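*Asks:* One structure is given below, represented as structure tokens, and several questions about it will come after.
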Amino acid sequence: MNVAILFNADDPAVKGWYGGSVMELILATNVLQGTDRRMRVSIGDVCTFSAVSNSSTRRHSRLVLLCRAVYQPKELDLLIRERLEATHGKARVFCWVFQNMTAQIAKELHSKLAPHRAYLGAMDVDYSNQHHLMFFRNFLMETYRLRGKHCSVFYEMGENEDPDLAIREIFERHGFTVDYEDMGARRTLFDSYDTIEHFKRVEDFKRVFAGFEGLSADTVSTLALALEELHPKLFEALASAARTLERAETGEDLAQAALSGRRLLEKTADYLFPPQKARCRGRKVDDAAYKNRLWAYIEQTITEVGPSNPALLSELGKEADRLVDLFNKGLHRSLSRERVEAAFRDLALWLTKVIEFSPAHARRQYLAYEEDVARFIQGVVRKRGGSR
């Protein structure tokens, strides 16, 4: 789940460079260092003050109402209500939002932070909620990737000439190793995957898939994190399958869900190993040979990450073949609901293994945004051409 950790930035205990003070408080708990969970972190003020006009005669009451709508958990409520409500319309609230945090990690952090007077509590964040999307995602800056004692500090689109060494020193003082990672065009003006409609698809996928036998909300959340970086458009096929399965009544409905599964595998192959005219290790890897391209990506990644691992290559490759065959059978309405759901469960587990084996190889920081970048450049060129 996504979890917001909240602080009163105007409290004298953190006033001044409250960003640094809050970082020190969170890292000093040693909770994050003890988990192997992959998480991305967004940081910033919850900008409720700027969302209400200064000219309004009822500005304070409107701010209070807005704050109550914003700080509304869905599943995880660890808010310290008395402290939080005292900030409504009066004090600045600062937050760290962790994407793909478990409830257990959130509770451990909460228990360590609760004694501090500036801490306001924690809550889960649902990006399919318009207030949560605006204030806890689109208004914040995505800043770090964490896994245990490793931190990657994000920078945008190749710009890393002057990294903040003070931030690095704080992380290192708390036991982290630090590197820097280009986050690509995500969260820039080229990112069009920031809408309610997109995140409703993400939530539908997570909700339905988490109900399949052998999967859990935490497992599906990890896959969602990885797929977002591979290509957010994959959620269109996943959500389509999830929604179709949820309301399926006939064999035709199940066949339609199976078609979404096959499309997902085809799109995954397109993003991991784009079609090529030249053969790869003697195999065709053109547009039609998407099974071969899945094998090619797995083999290439295993080879580059470390010593050759034929057993892992065989395991992941043969599972890809099995899933392709299974979804093709589903197109002919020969599978029961249980078998179709099991196929999607196995697909989710396989995707997680393939991507998590080497997230750095799977990430496509610019792929999802190429069309938006191209349109922007074309627009600039046309504008300059017309001004001459």
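In the structure tokens, each chain is lettered A, B, ... as it comes, each chain's residues begin at 1, and ligands are numbered from 1 in order of appearance.
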What are the DSSP helix (DSSP H, G or I) residues of range 148-340 of chain A, as an MDAnalysis selection string?
*Replies:* chainID A and resid 165:173 196:209 217:230 234:247 251:272 290:305 310:330 337:340
*Asks:* Near Ser216 in chain A, counting only C-alpha atoms, which residues have an atom at most 12 Å away, once you skip same-chain residues fewer than 2 positions from it, shown as a list of chain:residue names?
*Replies:*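 Non-adjacent residues within range: A:Met1, A:Thr102, A:Lys206, A:Arg207, A:Val208, A:Phe209, A:Ala210, A:Gly211, A:Phe212, A:Glu213, A:Gly214, A:Asp218, A:Thr219, A:Val220, A:Ser221, A:Thr222, A:Leu223, A:Arg345, A:Ala348, A:Leu349.
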*Asks:* Which residues in range 133-254 of chain A does DSSP call strand (DSSP E or B)? List them as an MDAnalysis selection string.
*Replies:* chainID A and resid 141:147 150:155 177:182
*Asks:* Please provide as a PyMOL selection string all residues within 12 Å of Arg173 in chain A, with the sequence filter that same-chain residues fewer than 4 positions apart are discarded (counting only C-alpha atoms).
*Replies:* chain A and resi 23-24+27-28+30+149+166-169+177-178
*Asks:* Tell me which protein, DNA and RNA residues are within 10 Å of Arg262 in chain A, counting only C-alpha atoms, leaving out same-chain ones fewer than 4 positions away, and put them as a list in words.
*Replies:*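 So the residues in contact are Ala237, Ala257, Ala258, Glu266, Lys267, Thr268, Leu323, Val324, Asp325, Leu326, Phe327, Asn328, Gly330 and Leu331 of chain A.
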*Asks:* May I have the residues from that selection written out with N, CA and C atoms, as a PDB file, in the first residue's frame?
*Replies:*
```
ATOM      1  N   ALA A 237      -4.240  -3.552 -19.678  1.00  0.00           N
ATOM      2  CA  ALA A 237      -4.545  -4.969 -19.885  1.00  0.00           C
ATOM      3  C   ALA A 237      -4.866  -5.662 -18.572  1.00  0.00           C
ATOM      4  N   ALA A 257     -11.111 -12.446 -20.878  1.00  0.00           N
ATOM      5  CA  ALA A 257     -10.086 -12.252 -19.857  1.00  0.00           C
ATOM      6  C   ALA A 257      -8.774 -12.904 -20.290  1.00  0.00           C
ATOM      7  N   ALA A 258      -8.867 -14.098 -20.874  1.00  0.00           N
ATOM      8  CA  ALA A 258      -7.664 -14.787 -21.353  1.00  0.00           C
ATOM      9  C   ALA A 258      -6.970 -13.974 -22.441  1.00  0.00           C
ATOM     10  N   GLU A 266       2.351 -10.177 -24.511  1.00  0.00           N
ATOM     11  CA  GLU A 266       2.896  -9.569 -25.739  1.00  0.00           C
ATOM     12  C   GLU A 266       3.474  -8.185 -25.442  1.00  0.00           C
ATOM     13  N   LYS A 267       2.732  -7.379 -24.680  1.00  0.00           N
ATOM     14  CA  LYS A 267       3.204  -6.033 -24.349  1.00  0.00           C
ATOM     15  C   LYS A 267       4.446  -6.093 -23.456  1.00  0.00           C
ATOM     16  N   THR A 268       4.467  -7.044 -22.528  1.00  0.00           N
ATOM     17  CA  THR A 268       5.640  -7.195 -21.669  1.00  0.00           C
ATOM     18  C   THR A 268       6.875  -7.494 -22.509  1.00  0.00           C
ATOM     19  N   LEU A 323       2.520 -20.233 -19.800  1.00  0.00           N
ATOM     20  CA  LEU A 323       1.501 -19.204 -19.646  1.00  0.00           C
ATOM     21  C   LEU A 323       0.939 -18.779 -21.002  1.00  0.00           C
ATOM     22  N   VAL A 324       1.810 -18.633 -21.991  1.00  0.00           N
ATOM     23  CA  VAL A 324       1.343 -18.281 -23.336  1.00  0.00           C
ATOM     24  C   VAL A 324       0.379 -19.350 -23.852  1.00  0.00           C
ATOM     25  N   ASP A 325       0.760 -20.598 -23.714  1.00  0.00           N
ATOM     26  CA  ASP A 325      -0.099 -21.694 -24.176  1.00  0.00           C
ATOM     27  C   ASP A 325      -1.415 -21.728 -23.423  1.00  0.00           C
ATOM     28  N   LEU A 326      -1.347 -21.463 -22.129  1.00  0.00           N
ATOM     29  CA  LEU A 326      -2.548 -21.508 -21.292  1.00  0.00           C
ATOM     30  C   LEU A 326      -3.533 -20.414 -21.688  1.00  0.00           C
ATOM     31  N   PHE A 327      -3.038 -19.205 -21.890  1.00  0.00           N
ATOM     32  CA  PHE A 327      -3.939 -18.117 -22.277  1.00  0.00           C
ATOM     33  C   PHE A 327      -4.483 -18.326 -23.689  1.00  0.00           C
ATOM     34  N   ASN A 328      -3.692 -18.924 -24.566  1.00  0.00           N
ATOM     35  CA  ASN A 328      -4.207 -19.235 -25.908  1.00  0.00           C
ATOM     36  C   ASN A 328      -5.339 -20.256 -25.840  1.00  0.00           C
ATOM     37  N   GLY A 330      -7.341 -20.520 -23.382  1.00  0.00           N
ATOM     38  CA  GLY A 330      -8.476 -19.791 -22.821  1.00  0.00           C
ATOM     39  C   GLY A 330      -9.276 -19.044 -23.855  1.00  0.00           C
ATOM     40  N   LEU A 331      -8.638 -18.670 -24.963  1.00  0.00           N
ATOM     41  CA  LEU A 331      -9.342 -17.965 -26.025  1.00  0.00           C
ATOM     42  C   LEU A 331     -10.414 -18.830 -26.663  1.00  0.00           C
TER      43      LEU A 331
END
```
*Asks:* Rank A:Leu272, A:Leu66, A:Ala278, A:Leu264 by their smallest atom-to-atom distance to Arg363 in chain A, using only C-alpha atoms, and report the top residue only.
*Replies:* A:Leu272
*Asks:* Near Asp10 in chain A, within 12 Å and counting only C-alpha atoms, which residues show up once chain neighbours fewer than 3 positions away are dropped, as a PyMOL selection string?
*Replies:* chain A and resi 7+13-19+21-22+45+86-87+90-94+117-120
*Asks:* Applying 7 Å and only C-alpha atoms, which residues near Asp286 in chain A remain after dropping the ones on its own chain fewer than 5 positions away? List them as a compact mmCIF listing (two decimals) with C-alpha atoms, in the first residue's frame.
*Replies:*
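To be explicit, this is the file written out as selection.txt:
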```
# COMPACT_ATOMS: atom_id res chain seq x y z
CA PRO A 275 11.26 -6.56 -31.80
CA GLN A 276 14.41 -6.84 -33.89
CA LYS A 277 15.00 -8.01 -37.46
```
*Asks:* Would you mind telling me which residue in A:Arg337, A:Asp270, A:Cys47, A:Ser240 lies nearest to Val285 in chain A when using only C-alpha atoms?
*Replies:*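 Nearest to Val285 in chain A: A:Asp270.
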*Asks:* Contacts of Ser111 in chain A at 10 Å or less, counting only C-alpha atoms, minus same-chain residues fewer than 4 places along, as a list in words?
*Replies:*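 My list of contacting residues is Thr29, Leu78, Ala106, Lys107, Pro115 and Gly121 of chain A.
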*Asks:* Have a look at A:Glu75, A:Asp287, A:Glu356, A:Asp346 and name the one nearest to Leu230 in chain A; count only C-alpha atoms.
*Replies:* A:Glu356
*Asks:* When you count only C-alpha atoms, which of these residues is closest to Gly20 in chain A: A:Phe171, A:Tyr155, A:Tyr271, A:Tyr127?
*Replies:*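 Of the candidates, the smallest distance to Gly20 in chain A is held by A:Phe171.
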*Asks:* Hey, can you check how far CA of Leu316 in chain A sits from CA of Leu294 in chain A?
*Replies:*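 Computing the Euclidean distance for CA of Leu316 in chain A and CA of Leu294 in chain A yields 9.2 Å.
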*Asks:* Taking only C-alpha atoms into account, name the residue in A:Asn8, A:Ser42, A:Thr352, A:Thr48 that is nearest to Ala224 in chain A.
*Replies:* A:Thr352
*Asks:* How many Å separate CA of Glu299 in chain A from CA of Arg364 in chain A?
*Replies:* 18.1 Å
*Asks:* Please, what distance in Å, to one decimal, runs between CA of Gln104 in chain A and CA of Gln33 in chain A?
*Replies:* 14.2 Å
*Asks:* I need the residue nearest Arg38 in chain A from this list: A:Pro232, A:Pro359, A:Pro274, A:Gly184. Use only C-alpha atoms for the distance.
*Replies:*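 Once distances to Arg38 in chain A are computed over only C-alpha atoms, the minimum belongs to A:Pro359.
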